[in-house]
$ cat protein_34.txt   # compact mmCIF, C-alpha atoms and all ligand atoms
# COMPACT_ATOMS: atom_id res chain seq x y z
CA MET A 1 14.53 101.18 89.91
CA GLY A 2 16.71 99.55 92.52
CA ASP A 3 19.11 101.31 94.84
CA GLY A 4 20.79 103.76 92.44
CA ALA A 5 19.10 106.85 93.83
CA SER A 6 20.38 106.35 97.35
CA THR A 7 23.93 105.25 96.54
CA VAL A 8 26.33 107.90 97.87
CA VAL A 9 30.00 108.24 96.93
CA ALA A 10 32.45 110.59 98.68
CA SER A 11 36.23 110.96 98.62
CA ALA A 12 38.86 112.72 100.77
CA PRO A 13 42.61 113.31 100.45
CA GLY A 14 45.48 112.12 102.62
CA LYS A 15 48.01 114.61 104.02
CA CYS A 16 51.71 115.21 104.25
CA ILE A 17 53.39 117.38 106.93
CA LEU A 18 55.68 119.97 105.31
CA PHE A 19 56.91 121.61 108.52
CA GLY A 20 56.71 121.33 112.28
CA GLU A 21 55.98 117.71 113.25
CA HIS A 22 56.92 116.99 116.88
CA ALA A 23 57.44 120.69 117.66
CA VAL A 24 53.66 121.13 117.21
CA VAL A 25 53.18 118.95 120.30
CA PHE A 26 54.96 121.78 122.19
CA GLY A 27 52.73 124.48 120.63
CA GLN A 28 54.91 125.41 117.63
CA PRO A 29 53.25 125.82 114.19
CA ALA A 30 52.95 122.87 111.83
CA VAL A 31 52.04 122.95 108.15
CA ALA A 32 50.29 120.10 106.32
CA VAL A 33 49.23 119.82 102.70
CA ALA A 34 46.44 117.74 101.17
CA ILE A 35 47.92 115.19 98.75
CA GLU A 36 46.51 113.84 95.48
CA GLN A 37 46.06 110.37 96.89
CA ARG A 38 42.47 109.87 98.12
CA LEU A 39 40.19 107.43 99.86
CA THR A 40 36.77 106.87 98.28
CA VAL A 41 33.76 105.40 100.05
CA THR A 42 30.71 104.05 98.21
CA MET A 43 27.61 103.53 100.37
CA ARG A 44 24.74 101.43 99.03
CA PRO A 45 21.47 100.40 100.69
CA ALA A 46 21.78 96.85 102.08
CA ASN A 47 20.15 94.43 104.51
CA SER A 48 22.71 95.06 107.26
CA TRP A 49 25.59 97.45 107.97
CA SER A 50 28.90 96.23 106.53
CA VAL A 51 32.38 97.47 105.57
CA ASP A 52 34.03 95.78 102.59
CA GLY A 53 31.89 92.70 103.13
CA SER A 54 32.40 92.32 106.93
CA ALA A 55 29.76 93.27 109.49
CA LEU A 56 30.30 96.82 110.86
CA ASN A 57 32.11 96.25 114.16
CA PRO A 58 32.73 99.25 116.48
CA GLN A 59 35.98 97.63 117.72
CA LYS A 60 37.32 97.15 114.21
CA HIS A 61 35.74 100.26 112.68
CA PRO A 62 35.60 102.82 115.52
CA HIS A 63 35.63 105.86 113.20
CA ILE A 64 32.76 104.59 111.08
CA ALA A 65 30.69 103.49 114.09
CA MET A 66 31.00 106.91 115.72
CA LEU A 67 30.23 108.83 112.52
CA LYS A 68 27.13 106.67 111.99
CA GLU A 69 25.95 107.44 115.51
CA ARG A 70 26.55 111.20 115.10
CA TYR A 71 25.10 111.63 111.62
CA LEU A 72 22.44 108.93 111.29
CA GLY A 73 21.55 107.59 114.73
CA ASP A 74 20.57 104.00 115.51
CA ASP A 75 17.51 103.65 113.32
CA ALA A 76 19.08 104.54 109.98
CA PRO A 77 18.40 102.11 107.13
CA PRO A 78 21.48 99.84 106.80
CA MET A 79 24.14 100.51 104.19
CA ALA A 80 27.05 98.52 102.76
CA LEU A 81 30.30 100.57 102.68
CA HIS A 82 32.98 99.87 100.14
CA LEU A 83 36.38 101.59 100.59
CA GLN A 84 39.04 102.06 97.96
CA GLY A 85 41.97 104.38 97.35
CA ASP A 86 45.69 104.88 97.10
CA ILE A 87 46.72 106.26 100.53
CA PRO A 88 48.99 103.68 102.19
CA ARG A 89 47.78 102.81 105.69
CA ALA A 90 49.71 103.43 108.92
CA SER A 91 52.48 105.42 107.22
CA GLY A 92 51.74 108.95 108.42
CA LEU A 93 49.78 110.02 105.34
CA GLY A 94 46.45 110.47 107.08
CA SER A 95 44.54 107.44 105.80
CA SER A 96 42.29 107.20 108.87
CA ALA A 97 41.44 110.92 108.74
CA ALA A 98 40.58 110.55 105.05
CA LEU A 99 38.32 107.65 106.01
CA SER A 100 36.55 109.78 108.63
CA ALA A 101 36.19 112.75 106.27
CA ALA A 102 34.84 110.70 103.33
CA VAL A 103 32.47 108.52 105.41
CA GLY A 104 31.28 111.60 107.37
CA ALA A 105 30.54 113.51 104.14
CA ALA A 106 28.63 110.54 102.69
CA MET A 107 26.59 110.13 105.89
CA ALA A 108 25.89 113.88 106.15
CA HIS A 109 24.51 113.74 102.60
CA LEU A 110 22.36 110.70 103.42
CA ALA A 111 20.97 112.50 106.48
CA HIS A 112 20.25 115.79 104.64
CA PRO A 113 20.42 115.21 100.87
CA SER A 114 19.38 118.74 99.94
CA GLN A 115 21.83 120.57 102.24
CA ALA A 116 25.34 121.66 101.25
CA LEU A 117 28.08 119.90 103.19
CA ASP A 118 28.86 121.68 106.48
CA ARG A 119 32.68 121.39 106.45
CA ASN A 120 33.15 123.06 109.80
CA GLN A 121 30.86 120.54 111.48
CA LEU A 122 32.42 117.63 109.55
CA SER A 123 35.99 118.56 110.53
CA GLU A 124 34.91 118.79 114.16
CA ILE A 125 33.09 115.44 114.15
CA ALA A 126 35.90 113.74 112.18
CA HIS A 127 38.43 115.06 114.72
CA GLN A 128 36.34 113.63 117.56
CA ALA A 129 36.11 110.29 115.72
CA GLU A 130 39.94 110.24 115.42
CA ALA A 131 40.41 111.13 119.07
CA ASN A 132 37.86 108.50 120.09
CA ALA A 133 39.74 105.84 118.10
CA GLN A 134 43.14 106.94 119.53
CA MET A 135 42.48 106.82 123.28
CA GLY A 136 41.43 110.47 123.44
CA ARG A 137 44.56 111.87 121.77
CA ALA A 138 44.55 113.41 118.30
CA SER A 139 45.44 116.79 116.91
CA PRO A 140 43.02 118.15 114.29
CA MET A 141 45.87 118.31 111.73
CA ASP A 142 44.93 115.25 109.68
CA THR A 143 41.17 115.67 109.79
CA SER A 144 41.22 119.43 109.06
CA THR A 145 43.59 118.92 106.10
CA SER A 146 41.47 116.10 104.70
CA VAL A 147 38.22 118.07 105.04
CA GLU A 148 39.53 121.50 103.95
CA GLY A 149 42.15 120.53 101.36
CA GLY A 150 44.89 123.00 100.32
CA ILE A 151 47.30 123.83 103.13
CA VAL A 152 46.45 123.77 106.84
CA VAL A 153 48.49 125.41 109.60
CA LEU A 154 48.11 124.46 113.25
CA SER A 155 49.52 126.50 116.11
CA ASP A 156 48.86 127.50 119.70
CA ARG A 157 48.35 131.11 118.52
CA HIS A 158 46.96 133.06 115.55
CA GLU A 159 49.68 132.99 112.87
CA THR A 160 49.89 136.17 110.82
CA VAL A 161 51.02 134.52 107.58
CA ALA A 162 47.90 132.33 107.15
CA ASN A 163 44.12 132.91 107.47
CA HIS A 164 42.68 131.83 110.77
CA ALA A 165 39.78 129.39 110.19
CA TYR A 166 38.67 128.09 113.61
CA THR A 167 39.74 127.02 117.09
CA ARG A 168 39.56 123.36 118.11
CA THR A 169 39.69 122.00 121.64
CA LEU A 170 39.87 118.47 122.99
CA THR A 171 39.81 116.99 126.45
CA THR A 172 42.69 114.50 126.48
CA PRO A 173 43.93 112.22 129.28
CA GLU A 174 46.61 114.92 129.86
CA GLY A 175 44.08 117.76 130.10
CA GLU A 176 42.48 120.34 127.82
CA ARG A 177 44.23 120.95 124.48
CA ARG A 178 43.58 123.84 122.12
CA TRP A 179 44.62 124.48 118.53
CA GLU A 180 44.26 127.47 116.23
CA VAL A 181 43.61 126.13 112.73
CA HIS A 182 44.49 128.20 109.65
CA ARG A 183 43.89 127.58 105.98
CA MET A 184 45.66 128.73 102.82
CA GLU A 185 45.99 127.75 99.15
CA ALA A 186 49.26 126.59 97.59
CA PRO A 187 50.53 129.11 95.00
CA GLU A 188 50.57 127.45 91.57
CA ASP A 189 53.90 126.33 90.14
CA GLU A 190 55.40 123.28 88.44
CA VAL A 191 56.53 121.72 91.71
CA TYR A 192 55.71 118.30 93.07
CA LEU A 193 55.96 116.33 96.27
CA VAL A 194 57.51 112.89 96.05
CA LEU A 195 56.68 110.76 99.05
CA GLY A 196 59.04 107.89 99.80
CA ASN A 197 57.77 105.13 102.06
CA THR A 198 60.42 103.18 104.01
CA GLY A 199 57.93 100.39 104.69
CA VAL A 200 59.08 100.50 108.34
CA HIS A 201 56.28 101.08 110.83
CA ALA A 202 57.12 103.15 113.92
CA PRO A 203 54.08 104.04 116.06
CA THR A 204 53.52 107.80 116.38
CA SER A 205 52.92 107.48 120.16
CA GLN A 206 56.38 105.88 120.59
CA GLN A 207 58.09 108.63 118.58
CA VAL A 208 56.28 111.39 120.50
CA ALA A 209 57.33 109.73 123.79
CA LEU A 210 60.95 109.61 122.57
CA VAL A 211 61.00 113.37 121.98
CA ALA A 212 59.31 114.05 125.35
CA GLU A 213 62.00 111.97 127.08
CA THR A 214 64.85 113.68 125.19
CA VAL A 215 63.57 117.14 126.12
CA SER A 216 62.99 116.23 129.75
CA LYS A 217 66.48 114.68 130.13
CA HIS A 218 68.18 117.49 128.17
CA PRO A 219 66.16 120.70 128.69
CA GLU A 220 68.52 122.59 126.36
CA ARG A 221 66.99 120.54 123.48
CA MET A 222 63.95 122.78 123.84
CA ASN A 223 66.00 125.20 121.69
CA ASP A 224 65.68 122.72 118.82
CA ILE A 225 61.90 122.65 119.26
CA LEU A 226 61.84 126.47 119.14
CA ALA A 227 64.16 126.42 116.12
CA ILE A 228 61.73 124.09 114.29
CA GLY A 229 59.00 126.67 114.99
CA THR A 230 61.17 129.44 113.52
CA VAL A 231 61.97 127.36 110.42
CA ALA A 232 58.27 126.41 110.02
CA ARG A 233 57.24 130.10 110.08
CA ARG A 234 59.96 130.94 107.55
CA GLY A 235 58.83 128.04 105.33
CA LEU A 236 55.24 129.17 105.60
CA GLU A 237 56.13 132.72 104.61
CA ALA A 238 58.05 131.38 101.60
CA LEU A 239 54.98 129.32 100.68
CA THR A 240 52.68 132.36 100.78
CA GLN A 241 55.10 134.12 98.42
CA GLY A 242 55.29 131.11 96.08
CA ASP A 243 59.07 130.99 96.64
CA TYR A 244 59.46 127.22 96.40
CA ASP A 245 63.29 127.36 96.46
CA ALA A 246 63.08 128.91 99.92
CA VAL A 247 60.36 126.42 100.92
CA GLY A 248 62.73 123.59 99.98
CA ARG A 249 65.62 125.09 101.96
CA ALA A 250 63.40 125.39 105.03
CA MET A 251 62.27 121.75 104.63
CA SER A 252 65.86 120.50 104.59
CA GLU A 253 66.70 122.67 107.60
CA ASN A 254 63.64 121.30 109.40
CA HIS A 255 64.90 117.78 108.70
CA LEU A 256 68.33 118.44 110.24
CA LEU A 257 66.63 119.62 113.43
CA LEU A 258 64.36 116.54 113.50
CA ARG A 259 67.37 114.31 112.96
CA GLY A 260 69.10 116.04 115.86
CA LEU A 261 66.11 115.19 118.03
CA GLY A 262 66.63 111.50 117.20
CA VAL A 263 63.44 110.83 115.20
CA SER A 264 65.03 109.92 111.86
CA SER A 265 66.19 106.37 111.00
CA PRO A 266 68.82 104.78 108.73
CA GLU A 267 66.08 103.86 106.20
CA LEU A 268 64.77 107.44 106.11
CA GLU A 269 68.30 108.88 105.81
CA SER A 270 69.07 106.65 102.86
CA LEU A 271 65.92 107.71 100.95
CA ILE A 272 66.58 111.37 101.84
CA GLN A 273 70.20 111.19 100.59
CA ALA A 274 68.98 109.60 97.35
CA ALA A 275 66.44 112.39 96.74
CA LEU A 276 68.67 115.36 97.62
CA PRO A 277 70.50 115.90 94.28
CA THR A 278 67.24 116.38 92.32
CA SER A 279 65.18 118.19 94.99
CA LEU A 280 64.60 121.71 96.31
CA GLY A 281 64.32 120.26 99.81
CA VAL A 282 63.90 116.93 101.55
CA LYS A 283 62.77 115.84 105.02
CA LEU A 284 61.11 113.08 106.95
CA THR A 285 57.36 113.65 107.23
CA GLY A 286 55.17 112.70 110.16
CA ALA A 287 56.39 110.95 113.28
CA GLY A 288 59.61 109.48 111.80
CA GLY A 289 61.50 106.40 112.98
CA GLY A 290 60.22 104.87 109.71
CA GLY A 291 57.15 105.85 107.72
CA CYS A 292 57.71 108.38 104.95
CA MET A 293 60.03 111.12 103.72
CA VAL A 294 58.98 113.92 101.39
CA ALA A 295 60.93 115.67 98.65
CA LEU A 296 59.91 118.95 97.01
CA THR A 297 61.05 118.76 93.40
CA ARG A 298 60.64 120.14 89.89
CA THR A 299 61.66 116.76 88.41
CA PRO A 300 59.37 114.23 90.10
CA LYS A 301 60.21 111.32 87.80
CA GLU A 302 63.96 111.58 88.48
CA THR A 303 63.46 112.06 92.21
CA SER A 304 61.02 109.17 92.40
CA GLU A 305 63.41 106.85 90.52
CA ALA A 306 66.29 107.77 92.84
CA ILE A 307 64.17 107.02 95.92
CA GLU A 308 62.96 103.72 94.48
CA LEU A 309 66.55 102.70 93.66
CA ALA A 310 67.38 103.30 97.33
CA GLY A 311 64.56 100.92 98.32
CA GLY A 312 61.59 103.26 98.89
CA ARG A 313 58.05 102.97 97.51
CA THR A 314 57.03 106.33 96.04
CA LEU A 315 53.93 108.40 95.39
CA ILE A 316 53.91 111.66 93.45
CA SER A 317 51.55 114.51 94.30
CA ARG A 318 51.02 118.10 93.35
CA LEU A 319 50.47 120.63 96.10
CA GLY A 320 47.05 122.19 96.63
CA ASN A 321 44.55 119.37 96.30
CA GLU A 322 40.84 119.54 96.96
CA GLY A 323 39.43 118.52 100.33
CA VAL A 324 36.54 116.13 100.93
CA ARG A 325 33.88 116.06 98.21
CA LEU A 326 30.82 114.13 97.09
CA GLU A 327 31.43 112.24 93.86
CA PRO A 328 28.82 111.55 91.18
CA SER A 329 26.98 108.33 92.11
CA PRO A 330 27.37 105.42 89.70
CA ASN A 331 24.30 104.65 87.60
CA ASN A 332 22.05 101.95 88.84
CA ARG A 333 23.03 98.70 87.19
CA SER A 334 19.92 96.68 88.11
O1 LIG A 401 52.34 110.20 112.16
P1 LIG A 401 51.73 111.43 111.65
O2 LIG A 401 52.05 111.76 110.26
O3 LIG A 401 50.25 111.54 111.93
O4 LIG A 401 52.41 112.66 112.38
C1 LIG A 401 52.50 112.83 113.73
C2 LIG A 401 52.89 114.24 113.99
C3 LIG A 401 53.50 114.48 115.36
O5 LIG A 401 53.79 115.86 115.43
C4 LIG A 401 54.77 113.70 115.53
C5 LIG A 401 52.55 114.10 116.47
C6 LIG A 401 51.35 114.99 116.65
O6 LIG A 401 50.41 114.58 117.38
O7 LIG A 401 51.30 116.09 116.11

$ encode --input "protein_34.txt" --output "structure tokens" --more "lines below"
Ligand code: PMV
Amino acid sequence: MGDGASTVVASAPGKCILFGEHAVVFGQPAVAVAIEQRLTVTMRPANSWSVDGSALNPQKHPHIAMLKERYLGDDAPPMALHLQGDIPRASGLGSSAALSAAVGAAMAHLAHPSQALDRNQLSEIAHQAEANAQMGRASPMDTSTSVEGGIVVLSDRHETVANHAYTRTLTTPEGERRWEVHRMEAPEDEVYLVLGNTGVHAPTSQQVALVAETVSKHPERMNDILAIGTVARRGLEALTQGDYDAVGRAMSENHLLLRGLGVSSPELESLIQAALPTSLGVKLTGAGGGGCMVALTRTPKETSEAIELAGGRTLISRLGNEGVRLEPSPNNRS
């Protein structure tokens, strides 16, 4: 008896960009990997819609409000949402995309309990929810990685080294944007990602504007954007071959180019220096200016300790984690 039968639980991973941030804005390929850290949503029947005890408010919870409209409509029986997980917020690790993916999967299941999850539809709706919450601007990188899991490659063309999955378009305030989305699995090996959080928050929009200004003032810097694309393709090829030493070298090379573009910070540099001696490769990940760095390493404990000694908060993740999934519902306690 009680509400056990209609309680739905779903979880989705965060993401980390291995190659190509910033250059992807100019059409170059970018590679993201689903991390072990996940966000879990539990939805239980209730008397009114709520999120962690507060009334569902479209201003405060724009992703959830839009997903509810798309999947359930206005007349759906109310549910109480409870969110938990270990993806730090606002640090470039895709926590809002994981929220959209997990809530969307739970709502899709509520709407059609006997149907298998339509991942293609979910990644499209989750991308729209992200764009809607970010003034019409969002690449499908975070949402596709959170829905699909594994490794996701975004580019303005079909990349030969990864399997093309689908094309995504979005009407942004700057016009129509289009992305070719590819998917691949991470070859198995005893390698880990250590993510080091500086604790400094630098808005992505500000960092993207900084690069746009640099390139417009110094057009020759476009060569650095193209060079990031070349390094990203080389890193991707190394990934497909399971050559993690070469992946690491490409990551470090990618970082030097990002630093040259002015998107690193003293805090990031200090965590990166600390991780270098025990890593295959180290770079900032995401928009930079603060946020996180990522190290590829065979000795995650040592690398994590070195980063923490330099003042960073760390998370350890394997490569190749599962995308969004429904979790077994807890037994009814009433
Ligand atoms: O802040 P993040 O991790 O979501 O990364 C932003 C990535 C950029 O390339 C800097 C911006 C973008 O829209 O792709």

$ closest_residue --input "protein_34.txt" --among "A:Asn321, A:Thr40, A:Ser329, A:Ser91" --to "ligand LIG 401 (chain A)" --atoms "all atoms listed in the file"
A:Ser91

$ residues_near_ligand --input "protein_34.txt" --ligand "ligand LIG 401 (chain A)" --cutoff "9 Å" --atoms "all atoms listed in the file" --output "ChimeraX atom specification"
/A:15-17,20-25,30,90-94,137-142,202-205,207-208,211,285-288,291-292

$ residues_near_point --input "protein_34.txt" --point "(48.3, 103.7, 98.6)" --cutoff "12 Å" --atoms "all atoms listed in the file" --output "list in words"
Pro13, Gly14, Ile35, Glu36, Gln37, Arg38, Leu39, Thr40, Gln84, Gly85, Asp86, Ile87, Pro88, Arg89, Ala90, Ser91, Gly92, Leu93, Gly94, Ser95, Leu195, Gly196, Asn197, Gly199, Arg313, Thr314, Leu315 and Ile316 of chain A

$ closest_residue --input "protein_34.txt" --among "A:Tyr192, A:Ile125, A:Ala209, A:Thr230" --to "Thr299 in chain A" --atoms "all atoms listed in the file"
A:Tyr192

$ atom_distance --input "protein_34.txt" --atom1 "CA of Ser11 in chain A" --atom2 "CA of Glu305 in chain A"
28.7 Å

$ residues_around --input "protein_34.txt" --residues "range 110-121 of chain A" --least-positions-apart "6" --cutoff "12 Å" --atoms "only C-alpha atoms" --output "PyMOL selection string"
chain A and resi 5-10+42-45+67-73+75-79+101-104+127-128+140+143-149+165-168+181+323-326

$ atom_distance --input "protein_34.txt" --atom1 "CA of Gly312 in chain A" --atom2 "CA of Thr198 in chain A"
5.3 Å

$ residues_around --input "protein_34.txt" --residues "range 255-270 of chain A" --least-positions-apart "3" --cutoff "7 Å" --atoms "all atoms listed in the file" --output "ChimeraX atom specification"
/A:198,207,211,224,228,251-252,273-274,283-284,288-290,293,310

$ closest_residue --input "protein_34.txt" --among "A:Leu239, A:Met135, A:Ala126, A:Leu309" --to "Ala12 in chain A" --atoms "only C-alpha atoms"
A:Ala126

$ closest_residue --input "protein_34.txt" --among "A:Ala275, A:Ile225, A:Ala55, A:Val294" --to "Glu308 in chain A" --atoms "all atoms listed in the file"
A:Ala275

$ atom_distance --input "protein_34.txt" --atom1 "CA of Ala246 in chain A" --atom2 "CA of Leu280 in chain A"
8.2 Å

$ closest_residue --input "protein_34.txt" --among "A:Ser50, A:Thr171, A:Thr278, A:Ser100" --to "Ser123 in chain A" --atoms "only C-alpha atoms"
A:Ser100

$ closest_residue --input "protein_34.txt" --among "A:Ala186, A:Ala106, A:Met66, A:Leu154" --to "Arg233 in chain A" --atoms "all atoms listed in the file"
A:Leu154

$ residues_around --input "protein_34.txt" --residues "Asp245 in chain A" --least-positions-apart "4" --cutoff "9 Å" --atoms "all atoms listed in the file" --output "ChimeraX atom specification"
/A:238,249-250,280-281

$ residues_around --input "protein_34.txt" --residues "Asp189 in chain A" --least-positions-apart "2" --cutoff "9 Å" --atoms "only C-alpha atoms" --output "mmCIF file with C-alpha atoms, in the frame of the given file"
data_model
loop_
_atom_site.group_PDB
_atom_site.id
_atom_site.type_symbol
_atom_site.label_atom_id
_atom_site.label_comp_id
_atom_site.auth_asym_id
_atom_site.auth_seq_id
_atom_site.Cartn_x
_atom_site.Cartn_y
_atom_site.Cartn_z
ATOM 1 C CA ALA A 186 49.260 126.590 97.590
ATOM 2 C CA PRO A 187 50.530 129.110 95.000
ATOM 3 C CA VAL A 191 56.530 121.720 91.710
ATOM 4 C CA TYR A 192 55.710 118.300 93.070
ATOM 5 C CA GLY A 242 55.290 131.110 96.080
ATOM 6 C CA TYR A 244 59.460 127.220 96.400
ATOM 7 C CA LEU A 319 50.470 120.630 96.100
#

$ decode --input "protein_34.txt" --residues "range 161-170 of chain A" --atoms "all heavy atoms" --output "mmCIF file, in the first residue's frame"
data_model
loop_
_atom_site.group_PDB
_atom_site.id
_atom_site.type_symbol
_atom_site.label_atom_id
_atom_site.label_comp_id
_atom_site.auth_asym_id
_atom_site.auth_seq_id
_atom_site.Cartn_x
_atom_site.Cartn_y
_atom_site.Cartn_z
ATOM 1 N N VAL A 161 37.192 9.653 -36.526
ATOM 2 C CA VAL A 161 37.687 8.765 -35.467
ATOM 3 C C VAL A 161 36.630 8.377 -34.441
ATOM 4 O O VAL A 161 36.906 7.592 -33.540
ATOM 5 C CB VAL A 161 38.919 9.362 -34.740
ATOM 6 C CG1 VAL A 161 40.143 9.307 -35.619
ATOM 7 C CG2 VAL A 161 38.644 10.769 -34.271
ATOM 8 N N ALA A 162 35.403 8.904 -34.540
ATOM 9 C CA ALA A 162 34.343 8.517 -33.598
ATOM 10 C C ALA A 162 33.061 8.238 -34.383
ATOM 11 O O ALA A 162 32.937 8.644 -35.544
ATOM 12 C CB ALA A 162 34.106 9.626 -32.581
ATOM 13 N N ASN A 163 32.105 7.512 -33.754
ATOM 14 C CA ASN A 163 30.857 7.178 -34.454
ATOM 15 C C ASN A 163 29.866 8.331 -34.370
ATOM 16 O O ASN A 163 29.526 8.774 -33.269
ATOM 17 C CB ASN A 163 30.194 5.957 -33.802
ATOM 18 C CG ASN A 163 31.101 4.762 -33.839
ATOM 19 O OD1 ASN A 163 31.778 4.525 -34.846
ATOM 20 N ND2 ASN A 163 31.154 4.033 -32.742
ATOM 21 N N HIS A 164 29.387 8.751 -35.533
ATOM 22 C CA HIS A 164 28.417 9.839 -35.534
ATOM 23 C C HIS A 164 27.105 9.329 -34.933
ATOM 24 O O HIS A 164 26.621 8.257 -35.287
ATOM 25 C CB HIS A 164 28.199 10.326 -36.969
ATOM 26 C CG HIS A 164 27.316 11.535 -37.034
ATOM 27 N ND1 HIS A 164 25.998 11.461 -37.368
ATOM 28 C CD2 HIS A 164 27.569 12.839 -36.775
ATOM 29 C CE1 HIS A 164 25.465 12.675 -37.320
ATOM 30 N NE2 HIS A 164 26.408 13.531 -36.970
ATOM 31 N N ALA A 165 26.523 10.106 -33.996
ATOM 32 C CA ALA A 165 25.271 9.676 -33.357
ATOM 33 C C ALA A 165 24.082 10.481 -33.877
ATOM 34 O O ALA A 165 23.102 9.923 -34.335
ATOM 35 C CB ALA A 165 25.377 9.825 -31.842
ATOM 36 N N TYR A 166 24.167 11.807 -33.815
ATOM 37 C CA TYR A 166 23.069 12.650 -34.299
ATOM 38 C C TYR A 166 23.537 14.090 -34.486
ATOM 39 O O TYR A 166 24.622 14.471 -34.042
ATOM 40 C CB TYR A 166 21.852 12.591 -33.361
ATOM 41 C CG TYR A 166 22.174 12.623 -31.881
ATOM 42 C CD1 TYR A 166 22.608 13.787 -31.248
ATOM 43 C CD2 TYR A 166 22.028 11.470 -31.097
ATOM 44 C CE1 TYR A 166 22.875 13.814 -29.896
ATOM 45 C CE2 TYR A 166 22.306 11.493 -29.727
ATOM 46 C CZ TYR A 166 22.720 12.678 -29.137
ATOM 47 O OH TYR A 166 23.003 12.699 -27.803
ATOM 48 N N THR A 167 22.680 14.865 -35.137
ATOM 49 C CA THR A 167 22.946 16.294 -35.347
ATOM 50 C C THR A 167 22.006 17.072 -34.430
ATOM 51 O O THR A 167 20.844 16.703 -34.297
ATOM 52 C CB THR A 167 22.632 16.679 -36.812
ATOM 53 O OG1 THR A 167 23.385 15.822 -37.660
ATOM 54 C CG2 THR A 167 22.989 18.129 -37.099
ATOM 55 N N ARG A 168 22.522 18.096 -33.779
ATOM 56 C CA ARG A 168 21.665 18.947 -32.944
ATOM 57 C C ARG A 168 21.729 20.376 -33.459
ATOM 58 O O ARG A 168 22.813 20.848 -33.856
ATOM 59 C CB ARG A 168 22.136 18.932 -31.493
ATOM 60 C CG ARG A 168 21.856 17.644 -30.773
ATOM 61 C CD ARG A 168 20.388 17.554 -30.351
ATOM 62 N NE ARG A 168 20.132 16.317 -29.632
ATOM 63 C CZ ARG A 168 19.602 15.223 -30.175
ATOM 64 N NH1 ARG A 168 19.263 15.219 -31.449
ATOM 65 N NH2 ARG A 168 19.388 14.145 -29.449
ATOM 66 N N THR A 169 20.598 21.053 -33.445
ATOM 67 C CA THR A 169 20.579 22.464 -33.838
ATOM 68 C C THR A 169 19.907 23.262 -32.735
ATOM 69 O O THR A 169 19.147 22.714 -31.930
ATOM 70 C CB THR A 169 19.790 22.674 -35.144
ATOM 71 O OG1 THR A 169 18.493 22.121 -34.966
ATOM 72 C CG2 THR A 169 20.459 22.038 -36.335
ATOM 73 N N LEU A 170 20.212 24.553 -32.705
ATOM 74 C CA LEU A 170 19.590 25.422 -31.705
ATOM 75 C C LEU A 170 19.535 26.835 -32.276
ATOM 76 O O LEU A 170 20.515 27.311 -32.859
ATOM 77 C CB LEU A 170 20.432 25.403 -30.417
ATOM 78 C CG LEU A 170 19.882 26.187 -29.241
ATOM 79 C CD1 LEU A 170 18.673 25.477 -28.635
ATOM 80 C CD2 LEU A 170 20.955 26.353 -28.163
#
